[in-house]
Amino acid sequence: MKKVLTAGTAVAAAVLLAACGSGQVGGGSGGAVQNNKQLALIPGVQAEPFYISMQCGAEAEAKKLGYTITTQAPQKFDAALQTEKVNALGSNPPAALLIAPTDDTAMLAPIQQVANRGTKIVQVDTSLKDSSIAVSSISSNNTEGGQLAAKTLADLVGTKSGSVLVLDTIAGTSTTAARVQGFSDELKNHPNLKSIGVQFTQNEPEQAAAKVTAALASTPDLIGIFATNLNTGEGAATGLRNAGKIGQVNLVGFDASPSEVDGLRNGEYQALIAQDPAMIGQQGVDQAVAALENKPVTKTLTAPLHSITKTNMDANSQYFYKQQC
């Protein structure tokens with residue numbers, strides 16, 4: 001996915017040599033950090049426009065502040081694969097690590113090892129259950145995002161009655177779990193809509209499509225689907241398309257990838273709940289640099305969310321995600 005800066009290793013080595021003579025910025029108790037202008041970003045997965053947009057925001061802000069940032073992303077949204085990327089930082093850790101933990105428990109130990117070497121930790125998008133390790137955590141208010149999705153679906157449906165399917169990604173993913181909770185809580189305020197429960201897709205579009213196919217067969221009054229992220233949304237759209245149900249079942253997706261935006265424009269989606277990943281990346285760098293330069297740091301920051309429908313999408317095009325910087 002992400003463009004790994006080609007000069008990353010060389011820059012890290014050069015900065016390491018420079019730091020030996022110029023002192024350290026923000027070195028922790030371990031004292032291992034010498035790369036005082038080197039930041040690292042480890043997002044959740046490769047090639048997702050959400051994380052590409054986050055990377056773009058982080059790179060632009062790092063350059064503006066005089067820092068270098070390199071990005072390494074796992075091929076799948078998987079704790080074991082992400083742990084490999086964290087462990088690869090090895091004995092030459094960055095001054096600060098921006099990371100989107102792929103599991104709110106399993107990623108604690110590898111991130112703690114990096115922090116023990118003196119690296120500042122900033123959580124972007126997702127977070128650990130124990131966030132005390134991070135100097136700052138930046139994300140959307142995902143509970144409110146789920147609530148916004150349910151309100152948007154209710155507006156789309158009006159007075160019609162029917163069942164609603166929720167597609168989640170992987171158990172233990174903090175962001176999507178909060179979206180599900182917010183959606184489920186808000187749905188209770190709309191008695192014409194009945195949840196048929198949550199299905200996990202392992203963040204695989206093919207599994208999301210299969211879950212939709214099964215739900216259509218078992219639930220004739222299916223009137224809405226809430227897909228909690230990009231992959232589940234794309235899979236849900238495929239399932240509806242294969243069944244000839246496009247436009248008959250309201251699909252509300254989370255995120256605003258190019259394919260989702262195209263789907264909204266052509267009627268496969270009825271609404272998208274867009275985040276602002278570029279702002280999350282930018283704020284992540286800002287907080288990391290503040291920690292390194294002994295300036296005030298904000299422990300928790302939230303980025304805004306936006307409900308986008310076909311009627312207002314052109315006015316909200318600044319929130320569409322990128323495929324490259």
# chains A, B, ... in the order shown; residues from 1 in each chain; ligands from 1
$ residues_around --residues "stretch 308-316 of chain A" --least-positions-apart "6" --cutoff "10 Å" --atoms "only C-alpha atoms" --output "VMD selection string"
chain A and resid 152 156 252 to 253 255 to 256 261 263 to 267 269 to 274
$ closest_atom_pairs --of "stretch 53-146 of chain A" --to "stretch 291-302 of chain A" --cutoff "7 Å" --atoms "only C-alpha atoms" --output "tab-separated table"
residue	atom	partner	partner_atom	distance
A:Val135	CA	A:Lys299	CA	6.1
A:Ser136	CA	A:Lys299	CA	4.3
A:Ser137	CA	A:Thr300	CA	5.0
A:Ile138	CA	A:Leu301	CA	4.7
A:Ser139	CA	A:Thr302	CA	5.1
A:Ser140	CA	A:Thr302	CA	5.0
A:Asn141	CA	A:Thr302	CA	5.9
$ closest_residue --among "A:Ser91, A:Lys63, A:Val289, A:Gly162" --to "A:Pro220" --atoms "only C-alpha atoms"
A:Gly162
$ select_by_dssp --residues "stretch 92-290 of chain A" --states "helix (DSSP H, G or I)" --output "number ranges by chain"
A: 108-116, 131-133, 142-157, 174-187, 205-218, 230-242, 258-265, 277-290
$ select_by_dssp --residues "stretch 110-311 of chain A" --states "strand (DSSP E)" --output "ChimeraX atom specification"
/A:120-124,136-140,162-168,193-200,222-227,250-254,271-274,300-303,306-308
